[in-house]
file data27.cif (mmCIF, C-alpha atoms and all ligand atoms)
data_my_file
#
loop_
_atom_site.label_atom_id
_atom_site.label_comp_id
_atom_site.auth_asym_id
_atom_site.auth_seq_id
_atom_site.Cartn_x
_atom_site.Cartn_y
_atom_site.Cartn_z
CA MET A 688 -19.35 43.61 -39.49
CA ALA A 689 -22.92 43.12 -40.56
CA ASP A 690 -25.40 41.62 -38.07
CA SER A 691 -26.36 39.14 -40.72
CA ILE A 692 -23.22 37.16 -39.97
CA ALA A 693 -23.07 35.10 -36.78
CA ILE A 694 -19.54 33.78 -37.18
CA ASN A 695 -16.90 35.34 -39.37
CA VAL A 696 -13.54 33.68 -39.95
CA GLU A 697 -11.26 35.64 -42.23
CA GLY A 698 -7.83 34.64 -43.50
CA VAL A 699 -7.03 32.63 -40.37
CA SER A 700 -3.79 30.68 -40.20
CA LYS A 701 -2.52 28.72 -37.22
CA ARG A 702 0.91 27.24 -36.90
CA PHE A 703 1.98 24.74 -34.24
CA GLY A 704 5.76 24.68 -34.59
CA LYS A 705 6.41 23.18 -37.99
CA THR A 706 2.78 22.17 -38.55
CA LEU A 707 0.60 24.63 -40.42
CA ALA A 708 -2.72 23.45 -38.95
CA LEU A 709 -4.78 26.17 -40.66
CA ASP A 710 -3.87 27.93 -43.86
CA GLN A 711 -5.82 31.10 -44.71
CA VAL A 712 -9.17 29.75 -43.54
CA SER A 713 -12.18 31.93 -44.36
CA PHE A 714 -15.90 31.19 -44.02
CA GLN A 715 -19.02 32.75 -42.59
CA VAL A 716 -21.95 31.33 -40.67
CA LYS A 717 -25.39 32.90 -41.05
CA PRO A 718 -27.54 33.49 -37.99
CA ALA A 719 -30.36 31.05 -37.18
CA THR A 720 -28.77 28.28 -39.22
CA VAL A 721 -27.07 24.99 -38.47
CA HIS A 722 -23.64 25.01 -40.06
CA GLY A 723 -21.65 21.81 -40.44
CA PHE A 724 -17.86 21.68 -40.41
CA LEU A 725 -16.61 18.61 -42.20
CA GLY A 726 -13.26 17.13 -43.02
CA PRO A 727 -11.00 14.14 -42.52
CA ASN A 728 -8.85 13.63 -39.40
CA GLY A 729 -6.34 16.41 -38.96
CA ALA A 730 -8.19 18.78 -41.33
CA GLY A 731 -8.18 21.55 -38.72
CA LYS A 732 -11.73 21.43 -37.37
CA THR A 733 -10.89 21.30 -33.67
CA THR A 734 -8.18 23.91 -34.12
CA THR A 735 -10.71 26.30 -35.72
CA ILE A 736 -13.19 25.65 -32.90
CA LYS A 737 -10.53 26.28 -30.24
CA LEU A 738 -9.67 29.55 -31.97
CA LEU A 739 -13.33 30.58 -31.99
CA MET A 740 -13.48 29.84 -28.26
CA ASP A 741 -10.31 31.90 -27.77
CA PHE A 742 -8.55 28.96 -26.11
CA ILE A 743 -5.68 29.44 -28.54
CA ARG A 744 -4.63 32.43 -30.64
CA PRO A 745 -4.36 32.62 -34.42
CA SER A 746 -0.98 33.15 -36.07
CA LYS A 747 -2.78 35.35 -38.59
CA GLY A 748 -6.30 36.48 -39.44
CA LYS A 749 -9.55 37.58 -37.86
CA LEU A 750 -12.27 35.71 -35.94
CA GLU A 751 -15.57 37.35 -35.03
CA ILE A 752 -18.68 36.08 -33.30
CA LEU A 753 -21.86 38.17 -33.34
CA GLY A 754 -19.83 40.99 -34.84
CA LYS A 755 -17.29 40.98 -32.00
CA ASP A 756 -13.63 40.09 -32.14
CA THR A 757 -13.30 36.78 -30.28
CA ARG A 758 -10.13 37.81 -28.52
CA ALA A 759 -11.08 41.32 -27.40
CA ASN A 760 -14.55 40.16 -26.27
CA SER A 761 -13.67 36.73 -25.00
CA VAL A 762 -15.48 37.00 -21.66
CA VAL A 763 -18.63 38.69 -22.97
CA LEU A 764 -18.92 36.21 -25.81
CA LYS A 765 -18.49 33.14 -23.62
CA ARG A 766 -21.74 34.03 -21.87
CA ARG A 767 -23.53 33.83 -25.19
CA ILE A 768 -21.87 30.65 -26.40
CA GLY A 769 -22.70 27.06 -25.54
CA TYR A 770 -19.70 24.84 -26.14
CA LEU A 771 -19.02 21.15 -26.25
CA SER A 772 -15.43 20.12 -26.81
CA GLY A 773 -14.49 16.99 -28.72
CA ASP A 774 -12.65 15.48 -25.79
CA PHE A 775 -14.23 17.23 -22.90
CA GLU A 776 -13.10 16.52 -19.40
CA LEU A 777 -15.90 16.35 -16.95
CA TYR A 778 -15.52 16.30 -13.24
CA ASN A 779 -15.43 12.56 -12.72
CA ASN A 780 -16.18 12.72 -9.02
CA LEU A 781 -19.34 14.76 -9.41
CA THR A 782 -22.68 13.32 -10.38
CA GLY A 783 -24.37 14.65 -13.52
CA SER A 784 -26.73 16.74 -11.35
CA GLN A 785 -23.87 18.25 -9.35
CA TYR A 786 -21.93 19.08 -12.52
CA ILE A 787 -24.93 20.70 -14.19
CA LYS A 788 -25.69 22.69 -11.04
CA TYR A 789 -22.09 23.88 -10.92
CA MET A 790 -22.11 24.84 -14.62
CA SER A 791 -25.48 26.63 -14.26
CA HIS A 792 -24.00 28.63 -11.45
CA LEU A 793 -20.94 29.56 -13.56
CA SER A 794 -22.97 30.62 -16.58
CA GLY A 795 -25.72 32.28 -14.58
CA VAL A 796 -28.59 30.04 -15.69
CA LYS A 797 -31.69 31.13 -13.81
CA ASN A 798 -34.41 29.13 -15.45
CA GLN A 799 -33.92 25.44 -14.75
CA SER A 800 -36.91 24.28 -16.80
CA ARG A 801 -34.86 24.05 -19.99
CA THR A 802 -32.28 21.92 -18.20
CA LEU A 803 -34.94 19.58 -16.85
CA GLU A 804 -36.46 19.30 -20.31
CA LEU A 805 -33.07 18.34 -21.78
CA VAL A 806 -32.40 15.79 -19.05
CA GLU A 807 -35.72 14.16 -19.79
CA ASP A 808 -35.39 14.39 -23.58
CA LEU A 809 -31.93 12.87 -23.65
CA ASN A 810 -32.74 10.42 -20.89
CA ALA A 811 -29.56 11.45 -19.09
CA VAL A 812 -28.23 9.64 -16.04
CA MET A 813 -27.87 12.41 -13.47
CA ASP A 814 -27.41 10.62 -10.17
CA ARG A 815 -24.24 8.62 -10.87
CA LYS A 816 -20.69 9.86 -10.72
CA ILE A 817 -19.65 11.01 -14.16
CA GLY A 818 -16.48 8.91 -13.98
CA LEU A 819 -18.65 5.79 -13.91
CA LEU A 820 -20.76 6.70 -16.95
CA SER A 821 -20.43 5.25 -20.45
CA ARG A 822 -19.05 7.43 -23.26
CA GLY A 823 -22.52 8.23 -24.62
CA ASN A 824 -23.96 9.04 -21.22
CA LYS A 825 -21.04 11.39 -20.49
CA GLN A 826 -21.65 13.03 -23.86
CA LYS A 827 -25.26 13.69 -22.88
CA ILE A 828 -24.15 15.58 -19.76
CA GLY A 829 -21.82 17.67 -21.94
CA LEU A 830 -24.66 18.41 -24.36
CA ILE A 831 -27.01 19.45 -21.55
CA ALA A 832 -24.31 21.80 -20.22
CA ALA A 833 -23.85 23.30 -23.72
CA LEU A 834 -27.56 23.77 -24.36
CA MET A 835 -28.95 24.70 -20.96
CA ASN A 836 -28.41 28.46 -21.05
CA ASP A 837 -30.13 28.65 -24.43
CA PRO A 838 -27.01 30.18 -26.02
CA ASP A 839 -27.14 32.46 -29.04
CA ILE A 840 -24.28 30.50 -30.53
CA LEU A 841 -23.77 26.80 -30.05
CA ILE A 842 -20.32 25.47 -30.93
CA LEU A 843 -20.01 21.69 -30.89
CA ASP A 844 -17.02 19.55 -31.72
CA GLU A 845 -18.29 16.16 -32.89
CA PRO A 846 -21.35 16.25 -30.66
CA THR A 847 -22.84 12.86 -31.47
CA THR A 848 -19.76 10.79 -30.65
CA GLY A 849 -20.91 7.84 -28.58
CA LEU A 850 -24.63 8.54 -28.83
CA ASP A 851 -26.85 5.67 -29.91
CA PRO A 852 -29.10 6.23 -32.97
CA LEU A 853 -32.17 7.14 -30.94
CA MET A 854 -30.22 9.72 -28.94
CA GLN A 855 -28.66 11.06 -32.12
CA GLN A 856 -32.15 11.72 -33.46
CA LYS A 857 -33.14 13.50 -30.26
CA PHE A 858 -29.99 15.57 -30.44
CA TYR A 859 -30.70 16.50 -34.10
CA LYS A 860 -34.14 17.67 -33.06
CA ALA A 861 -32.71 19.76 -30.22
CA VAL A 862 -30.27 21.37 -32.66
CA ARG A 863 -32.95 22.07 -35.29
CA ASP A 864 -35.25 23.54 -32.63
CA HIS A 865 -32.41 25.74 -31.45
CA ALA A 866 -31.95 27.17 -34.95
CA LYS A 867 -35.72 27.59 -35.35
CA ARG A 868 -35.69 29.82 -32.29
CA GLY A 869 -33.21 32.08 -34.07
CA LYS A 870 -30.00 30.69 -32.60
CA THR A 871 -26.93 29.60 -34.52
CA VAL A 872 -25.27 26.21 -34.41
CA PHE A 873 -21.75 25.46 -35.64
CA MET A 874 -20.79 21.80 -35.40
CA SER A 875 -17.96 19.67 -36.62
CA SER A 876 -18.69 16.16 -37.77
CA HIS A 877 -17.40 13.17 -39.67
CA ILE A 878 -20.87 11.81 -40.21
CA LEU A 879 -22.28 12.76 -43.58
CA SER A 880 -25.80 11.56 -42.90
CA GLU A 881 -25.82 13.78 -39.84
CA VAL A 882 -24.80 16.83 -41.83
CA GLN A 883 -27.39 15.94 -44.44
CA GLU A 884 -30.07 15.70 -41.78
CA VAL A 885 -29.43 18.76 -39.63
CA CYS A 886 -27.24 21.27 -41.43
CA ASP A 887 -28.31 24.15 -43.66
CA HIS A 888 -24.77 24.85 -44.81
CA VAL A 889 -21.54 22.98 -44.69
CA THR A 890 -17.90 24.03 -44.88
CA PHE A 891 -15.56 21.34 -46.16
CA MET A 892 -12.02 21.35 -44.83
CA LYS A 893 -8.97 19.45 -45.90
CA LYS A 894 -5.37 19.74 -44.71
CA GLY A 895 -5.97 23.08 -43.02
CA LYS A 896 -7.72 24.67 -45.98
CA VAL A 897 -11.36 25.37 -46.76
CA LEU A 898 -12.41 23.55 -49.91
CA GLU A 899 -15.79 25.24 -50.05
CA THR A 900 -18.85 26.36 -48.15
CA VAL A 901 -22.11 25.22 -49.68
CA GLU A 902 -25.81 25.01 -49.04
CA VAL A 903 -26.69 21.39 -48.25
CA SER A 904 -29.88 21.49 -50.33
CA ASN A 905 -27.91 22.71 -53.38
CA LEU A 906 -25.35 20.04 -52.85
CA LEU A 907 -28.00 17.36 -52.71
CA ALA A 908 -29.81 18.78 -55.72
CA LYS A 909 -26.58 18.39 -57.67
CA ALA A 910 -26.17 14.78 -56.60
CA THR A 911 -27.36 11.99 -58.86
CA ARG A 912 -30.06 9.45 -58.00
CA ARG A 913 -29.53 5.75 -58.58
CA VAL A 914 -32.47 3.98 -60.19
CA VAL A 915 -32.74 0.20 -59.94
CA LEU A 916 -35.49 -1.58 -61.93
CA THR A 917 -36.34 -5.21 -61.35
CA VAL A 918 -38.20 -6.80 -64.25
CA ASP A 919 -39.57 -10.24 -65.03
CA LYS A 920 -37.82 -10.82 -68.29
CA ASN A 921 -34.16 -10.75 -69.17
CA VAL A 922 -33.15 -7.10 -69.26
CA THR A 923 -29.79 -7.19 -70.95
CA MET A 924 -31.25 -5.52 -74.04
CA MET A 925 -32.95 -2.73 -72.08
CA ALA A 926 -31.32 0.68 -71.79
CA PRO A 927 -32.61 4.06 -70.68
CA PRO A 928 -32.89 6.53 -73.58
CA LYS A 929 -30.29 9.30 -73.89
CA VAL A 930 -32.87 11.95 -73.08
CA LEU A 931 -32.94 10.81 -69.45
CA GLY A 932 -29.28 11.75 -69.07
CA ALA A 933 -28.53 8.37 -67.50
CA SER A 934 -25.02 7.27 -66.64
CA ASN A 935 -23.35 4.24 -65.01
CA VAL A 936 -25.82 1.87 -66.67
CA SER A 937 -25.44 -1.71 -65.49
CA HIS A 938 -27.38 -4.96 -65.78
CA THR A 939 -27.79 -8.16 -63.88
CA LYS A 940 -30.14 -10.85 -65.17
CA HIS A 941 -33.31 -9.21 -63.87
CA THR A 942 -32.22 -5.72 -62.92
CA LEU A 943 -31.26 -2.60 -64.75
CA SER A 944 -29.50 0.16 -62.79
CA PHE A 945 -28.48 3.67 -63.76
CA ASP A 946 -27.84 7.13 -62.34
CA VAL A 947 -29.93 10.13 -63.35
CA PRO A 948 -29.41 13.78 -62.48
CA GLN A 949 -32.96 13.94 -61.08
CA ALA A 950 -35.78 11.47 -60.58
CA ASP A 951 -38.13 13.77 -62.51
CA ARG A 952 -41.35 13.14 -64.49
CA LYS A 953 -39.41 12.21 -67.60
CA VAL A 954 -37.67 9.42 -65.70
CA MET A 955 -40.89 8.29 -63.98
CA ARG A 956 -42.78 8.18 -67.26
CA TRP A 957 -40.12 6.02 -68.88
CA ILE A 958 -40.06 3.68 -65.89
CA ALA A 959 -43.85 3.37 -66.01
CA MET A 960 -43.63 2.10 -69.59
CA GLN A 961 -41.26 -0.72 -68.67
CA PRO A 962 -42.34 -4.18 -67.54
CA VAL A 963 -41.36 -3.33 -64.00
CA LYS A 964 -41.77 -5.63 -61.01
CA ASP A 965 -40.05 -3.36 -58.54
CA VAL A 966 -38.26 0.00 -58.51
CA THR A 967 -35.94 1.65 -56.04
CA ILE A 968 -34.62 5.16 -56.40
CA ASN A 969 -31.94 5.98 -53.89
CA GLU A 970 -32.17 9.55 -52.80
CA ALA A 971 -29.20 11.81 -53.20
CA ASP A 972 -26.55 10.93 -50.75
CA LEU A 973 -23.96 13.32 -49.43
CA ASP A 974 -21.40 10.51 -49.34
CA SER A 975 -20.98 10.46 -53.10
CA VAL A 976 -20.88 14.25 -53.32
CA PHE A 977 -18.35 14.40 -50.54
CA MET A 978 -16.15 11.72 -52.06
CA ASN A 979 -16.26 13.47 -55.44
CA LEU A 980 -15.28 16.74 -53.86
CA TYR A 981 -12.33 15.19 -52.11
CA GLU A 982 -11.24 13.12 -55.09
CA ASP A 983 -11.38 16.17 -57.37
CA GLU A 984 -9.22 18.00 -54.91
CA GLU A 985 -6.62 15.21 -54.99
CA GLU A 986 -6.17 15.81 -58.70
CA VAL A 987 -5.48 19.52 -58.36
N1 LIG A 1001 -1.38 21.60 -29.88
C1 LIG A 1001 -0.92 21.14 -31.04
N2 LIG A 1001 0.41 21.03 -31.30
C2 LIG A 1001 0.86 20.59 -32.47
N3 LIG A 1001 0.07 20.24 -33.51
C3 LIG A 1001 -1.26 20.34 -33.33
C4 LIG A 1001 -1.84 20.79 -32.10
N4 LIG A 1001 -3.17 20.78 -32.22
C5 LIG A 1001 -3.43 20.33 -33.48
N5 LIG A 1001 -2.30 20.08 -34.14
C6 LIG A 1001 -2.18 19.62 -35.55
O1 LIG A 1001 -3.02 20.44 -36.34
C7 LIG A 1001 -3.66 19.69 -37.36
C8 LIG A 1001 -5.16 19.87 -37.26
O2 LIG A 1001 -5.65 19.20 -36.12
P1 LIG A 1001 -7.16 19.28 -35.62
O3 LIG A 1001 -7.22 18.64 -34.28
O4 LIG A 1001 -7.64 20.68 -35.75
O5 LIG A 1001 -7.89 18.36 -36.71
P2 LIG A 1001 -9.41 17.87 -36.77
O6 LIG A 1001 -9.94 18.30 -38.09
O7 LIG A 1001 -10.14 18.29 -35.55
O8 LIG A 1001 -9.23 16.29 -36.78
P3 LIG A 1001 -10.15 15.13 -36.15
O9 LIG A 1001 -11.20 14.84 -37.16
O10 LIG A 1001 -9.20 13.97 -36.03
O11 LIG A 1001 -10.69 15.58 -34.83
C9 LIG A 1001 -3.16 18.27 -37.19
O12 LIG A 1001 -2.09 18.06 -38.07
C10 LIG A 1001 -2.72 18.21 -35.75
O13 LIG A 1001 -1.72 17.25 -35.57
MG MG A 1002 -11.09 17.27 -34.01
#
call {"tool": "encode", "arguments": {"input": "data27.cif", "output": "structure tokens"}}
result
Amino acid sequence: MADSIAINVEGVSKRFGKTLALDQVSFQVKPATVHGFLGPNGAGKTTTIKLLMDFIRPSKGKLEILGKDTRANSVVLKRRIGYLSGDFELYNNLTGSQYIKYMSHLSGVKNQSRTLELVEDLNAVMDRKIGLLSRGNKQKIGLIAALMNDPDILILDEPTTGLDPLMQQKFYKAVRDHAKRGKTVFMSSHILSEVQEVCDHVTFMKKGKVLETVEVSNLLAKATRRVVLTVDKNVTMMAPPKVLGASNVSHTKHTLSFDVPQADRKVMRWIAMQPVKDVTINEADLDSVFMNLYEDEEEV
């Protein structure tokens, strides 16, 4: 397999008894990118991640990380992977510091400066027993353990669960920095704004199947923008001209709203000619794209 692929999943199916959890799943993750893995509950995200970690075996298909078969090279690969499970069990009787020390020992982390940096960045509570920590504070310990050996591949199952907004932002920065340093991040999520903010690519899953893998910037470029004009006079007679490609036009007494494919110069020029008191243009939002994608799929 080419070096230009960090993670390769090819025709993977996984059956648990009668449940076909994954059905011919294929996608690739490019090196030095952040790749989101999105889908509703039960879509097969955690199952795919467990397969990549070689915790379970596929019924069919091939999984490769850094060009190596995940099963044949399980031990070698684990040293290069940082992993955070969706429902990770920490050692409740250890303090954060003791747990991190233990994990560093297991994964052969020599340089502790990265760990200290993470502890400070995430403001982690290290001196209390893990069993006594809140959900978010436990999650931070798990994240530190996943990131501390500066892994080539970071695999995270819903990493921001329980983190408050400030910590989420810090985590996003840590993930982006990781990719900037040439490492690869693969993370499952339910949170669209998160994917929009940190991911370069996203694979959409539904009912064990891949719907598609797309570049987030392309996806957003395709999304419409909603323009809302507030004007002094009664606007019911106002309408954007056809040339703007507007849709979903609606009025209230003093506002005119419509969607445009892009908030380009044409749109701006037209707005400037109106008796405008206020304008908002909502930037493209992955939510609407995501919903469309899933609704379309329902009709198939
Ligand atoms: N060990 C198991 N035995 C039987 N069925 C399983 C097992 N693990 C997962 N499944 C089934 O496989 C399907 C996919 O589950 P999975 O946990 O991968 O979904 P997910 O996308 O991670 O969902 P969520 O967003 O809720 O975390 C579900 O129907 C689930 O019930
Ligand atoms: Mg899951």
call {"tool": "residues_around", "arguments": {"input": "data27.cif", "residues": "Thr923 (chain A)", "least_positions_apart": "5", "cutoff": "10 Å", "atoms": "only C-alpha atoms", "output": "PyMOL selection string"}}
result
chain A and resi 937-943
call {"tool": "closest_atom_pairs", "arguments": {"input": "data27.cif", "of": "chain A", "to": "ligand MG 1002 (chain A)", "cutoff": "10 Å", "atoms": "only C-alpha atoms and all ligand atoms", "output": "CSV"}}
result
residue,atom,partner,partner_atom,distance
A:Leu725,CA,A:MG1002,MG,10.0
A:Gly726,CA,A:MG1002,MG,9.3
A:Pro727,CA,A:MG1002,MG,9.1
A:Asn728,CA,A:MG1002,MG,6.9
A:Gly729,CA,A:MG1002,MG,6.9
A:Ala730,CA,A:MG1002,MG,8.0
A:Gly731,CA,A:MG1002,MG,7.0
A:Lys732,CA,A:MG1002,MG,5.4
A:Thr733,CA,A:MG1002,MG,4.0
A:Thr734,CA,A:MG1002,MG,7.3
A:Thr735,CA,A:MG1002,MG,9.2
A:Ile736,CA,A:MG1002,MG,8.7
A:Lys737,CA,A:MG1002,MG,9.8
A:Ser772,CA,A:MG1002,MG,8.9
A:Gly773,CA,A:MG1002,MG,6.3
A:Asp774,CA,A:MG1002,MG,8.6
A:Asp844,CA,A:MG1002,MG,6.8
A:Glu845,CA,A:MG1002,MG,7.4
A:Ser875,CA,A:MG1002,MG,7.7
A:Ser876,CA,A:MG1002,MG,8.6
A:His877,CA,A:MG1002,MG,9.4
call {"tool": "closest_residue", "arguments": {"input": "data27.cif", "among": "A:Pro838, A:Gly818, A:Pro718, A:Gly829", "to": "Ser794 (chain A)", "atoms": "only C-alpha atoms"}}
result
A:Pro838
call {"tool": "closest_residue", "arguments": {"input": "data27.cif", "among": "A:Leu750, A:Leu853, A:Leu916, A:Met813", "to": "Ala959 (chain A)", "atoms": "all atoms listed in the file"}}
result
A:Leu916
call {"tool": "atom_distance", "arguments": {"input": "data27.cif", "atom1": "CA of Glu751 (chain A)", "atom2": "CA of Ala693 (chain A)"}}
result
8.0 Å
call {"tool": "atom_distance", "arguments": {"input": "data27.cif", "atom1": "CA of Thr757 (chain A)", "atom2": "CA of Ser700 (chain A)"}}
result
15.0 Å
call {"tool": "residues_around", "arguments": {"input": "data27.cif", "residues": "Lys797 (chain A)", "least_positions_apart": "5", "cutoff": "9 Å", "atoms": "all atoms listed in the file", "output": "PDB file with C-alpha atoms, in the coordinates of the input"}}
result
ATOM      1  CA  SER A 791     -25.480  26.630 -14.260  1.00  0.00           C
ATOM      2  CA  HIS A 792     -24.000  28.630 -11.450  1.00  0.00           C
ATOM      3  CA  ASN A 836     -28.410  28.460 -21.050  1.00  0.00           C
TER       4      ASN A 836
END
call {"tool": "closest_residue", "arguments": {"input": "data27.cif", "among": "A:Lys867, A:Lys894, A:Arg822, A:Arg815", "to": "ligand LIG 1001 (chain A)", "atoms": "all atoms listed in the file"}}
result
A:Lys894
call {"tool": "residues_near_point", "arguments": {"input": "data27.cif", "point": "(-1.4, 29.4, -41.2)", "cutoff": "12 Å", "atoms": "all atoms listed in the file", "output": "number ranges by chain"}}
result
A: 697-713, 731, 734-735, 744-748, 894-896
call {"tool": "axis_aligned_box", "arguments": {"input": "data27.cif", "around": "ligand LIG 1001 (chain A)", "padding_each_side": "5 Å", "output": "lines of an AutoDock Vina configuration file"}}
result
center_x = -5.2
center_y = 17.8
center_z = -34.0
size_x = 22.1
size_y = 17.6
size_z = 18.2
call {"tool": "residues_near_point", "arguments": {"input": "data27.cif", "point": "(-14.6, 15.9, -19.0)", "cutoff": "12 Å", "atoms": "only C-alpha atoms", "output": "mmCIF file with C-alpha atoms, in the coordinates of the input"}}
result
data_model
loop_
_atom_site.group_PDB
_atom_site.id
_atom_site.type_symbol
_atom_site.label_atom_id
_atom_site.label_comp_id
_atom_site.auth_asym_id
_atom_site.auth_seq_id
_atom_site.Cartn_x
_atom_site.Cartn_y
_atom_site.Cartn_z
ATOM 1 C CA LEU A 771 -19.020 21.150 -26.250
ATOM 2 C CA SER A 772 -15.430 20.120 -26.810
ATOM 3 C CA GLY A 773 -14.490 16.990 -28.720
ATOM 4 C CA ASP A 774 -12.650 15.480 -25.790
ATOM 5 C CA PHE A 775 -14.230 17.230 -22.900
ATOM 6 C CA GLU A 776 -13.100 16.520 -19.400
ATOM 7 C CA LEU A 777 -15.900 16.350 -16.950
ATOM 8 C CA TYR A 778 -15.520 16.300 -13.240
ATOM 9 C CA ASN A 779 -15.430 12.560 -12.720
ATOM 10 C CA ASN A 780 -16.180 12.720 -9.020
ATOM 11 C CA LEU A 781 -19.340 14.760 -9.410
ATOM 12 C CA GLY A 783 -24.370 14.650 -13.520
ATOM 13 C CA TYR A 786 -21.930 19.080 -12.520
ATOM 14 C CA LYS A 816 -20.690 9.860 -10.720
ATOM 15 C CA ILE A 817 -19.650 11.010 -14.160
ATOM 16 C CA GLY A 818 -16.480 8.910 -13.980
ATOM 17 C CA LEU A 820 -20.760 6.700 -16.950
ATOM 18 C CA ARG A 822 -19.050 7.430 -23.260
ATOM 19 C CA ASN A 824 -23.960 9.040 -21.220
ATOM 20 C CA LYS A 825 -21.040 11.390 -20.490
ATOM 21 C CA GLN A 826 -21.650 13.030 -23.860
ATOM 22 C CA LYS A 827 -25.260 13.690 -22.880
ATOM 23 C CA ILE A 828 -24.150 15.580 -19.760
ATOM 24 C CA GLY A 829 -21.820 17.670 -21.940
ATOM 25 C CA LEU A 830 -24.660 18.410 -24.360
ATOM 26 C CA ALA A 832 -24.310 21.800 -20.220
#
call {"tool": "decode", "arguments": {"input": "data27.cif", "residues": "region 794-809 of chain A", "atoms": "N, CA and C atoms", "output": "PDB file, in the first residue's frame"}}
result
ATOM      1  N   SER A 794       4.027   2.366  27.497  1.00  0.00           N
ATOM      2  CA  SER A 794       4.258   2.739  26.098  1.00  0.00           C
ATOM      3  C   SER A 794       5.651   3.325  25.876  1.00  0.00           C
ATOM      4  N   GLY A 795       6.481   3.228  26.890  1.00  0.00           N
ATOM      5  CA  GLY A 795       7.887   3.620  26.726  1.00  0.00           C
ATOM      6  C   GLY A 795       8.096   5.107  26.466  1.00  0.00           C
ATOM      7  N   VAL A 796       7.294   5.954  27.110  1.00  0.00           N
ATOM      8  CA  VAL A 796       7.471   7.398  26.932  1.00  0.00           C
ATOM      9  C   VAL A 796       8.679   7.844  27.746  1.00  0.00           C
ATOM     10  N   LYS A 797       9.648   8.459  27.048  1.00  0.00           N
ATOM     11  CA  LYS A 797      10.860   8.876  27.760  1.00  0.00           C
ATOM     12  C   LYS A 797      10.789  10.350  28.122  1.00  0.00           C
ATOM     13  N   ASN A 798      10.300  11.124  27.183  1.00  0.00           N
ATOM     14  CA  ASN A 798      10.270  12.568  27.404  1.00  0.00           C
ATOM     15  C   ASN A 798       8.954  12.981  28.072  1.00  0.00           C
ATOM     16  N   GLN A 799       9.059  13.427  29.298  1.00  0.00           N
ATOM     17  CA  GLN A 799       7.847  13.769  30.054  1.00  0.00           C
ATOM     18  C   GLN A 799       7.361  15.193  29.778  1.00  0.00           C
ATOM     19  N   SER A 800       8.137  15.972  29.025  1.00  0.00           N
ATOM     20  CA  SER A 800       7.772  17.385  28.880  1.00  0.00           C
ATOM     21  C   SER A 800       6.439  17.550  28.143  1.00  0.00           C
ATOM     22  N   ARG A 801       6.207  16.671  27.172  1.00  0.00           N
ATOM     23  CA  ARG A 801       4.938  16.726  26.438  1.00  0.00           C
ATOM     24  C   ARG A 801       3.757  16.458  27.384  1.00  0.00           C
ATOM     25  N   THR A 802       3.958  15.471  28.258  1.00  0.00           N
ATOM     26  CA  THR A 802       2.899  15.129  29.214  1.00  0.00           C
ATOM     27  C   THR A 802       2.605  16.321  30.130  1.00  0.00           C
ATOM     28  N   LEU A 803       3.664  16.932  30.627  1.00  0.00           N
ATOM     29  CA  LEU A 803       3.478  18.072  31.536  1.00  0.00           C
ATOM     30  C   LEU A 803       2.758  19.220  30.831  1.00  0.00           C
ATOM     31  N   GLU A 804       3.133  19.407  29.568  1.00  0.00           N
ATOM     32  CA  GLU A 804       2.500  20.454  28.755  1.00  0.00           C
ATOM     33  C   GLU A 804       0.993  20.192  28.629  1.00  0.00           C
ATOM     34  N   LEU A 805       0.647  18.928  28.366  1.00  0.00           N
ATOM     35  CA  LEU A 805      -0.763  18.554  28.206  1.00  0.00           C
ATOM     36  C   LEU A 805      -1.536  18.739  29.513  1.00  0.00           C
ATOM     37  N   VAL A 806      -0.903  18.336  30.605  1.00  0.00           N
ATOM     38  CA  VAL A 806      -1.551  18.467  31.918  1.00  0.00           C
ATOM     39  C   VAL A 806      -1.876  19.938  32.165  1.00  0.00           C
ATOM     40  N   GLU A 807      -0.921  20.787  31.832  1.00  0.00           N
ATOM     41  CA  GLU A 807      -1.125  22.212  32.069  1.00  0.00           C
ATOM     42  C   GLU A 807      -2.180  22.772  31.114  1.00  0.00           C
ATOM     43  N   ASP A 808      -2.034  22.424  29.843  1.00  0.00           N
ATOM     44  CA  ASP A 808      -2.969  22.911  28.815  1.00  0.00           C
ATOM     45  C   ASP A 808      -4.412  22.546  29.130  1.00  0.00           C
ATOM     46  N   LEU A 809      -4.616  21.299  29.505  1.00  0.00           N
ATOM     47  CA  LEU A 809      -5.982  20.824  29.739  1.00  0.00           C
ATOM     48  C   LEU A 809      -6.431  21.052  31.182  1.00  0.00           C
TER      49      LEU A 809
END
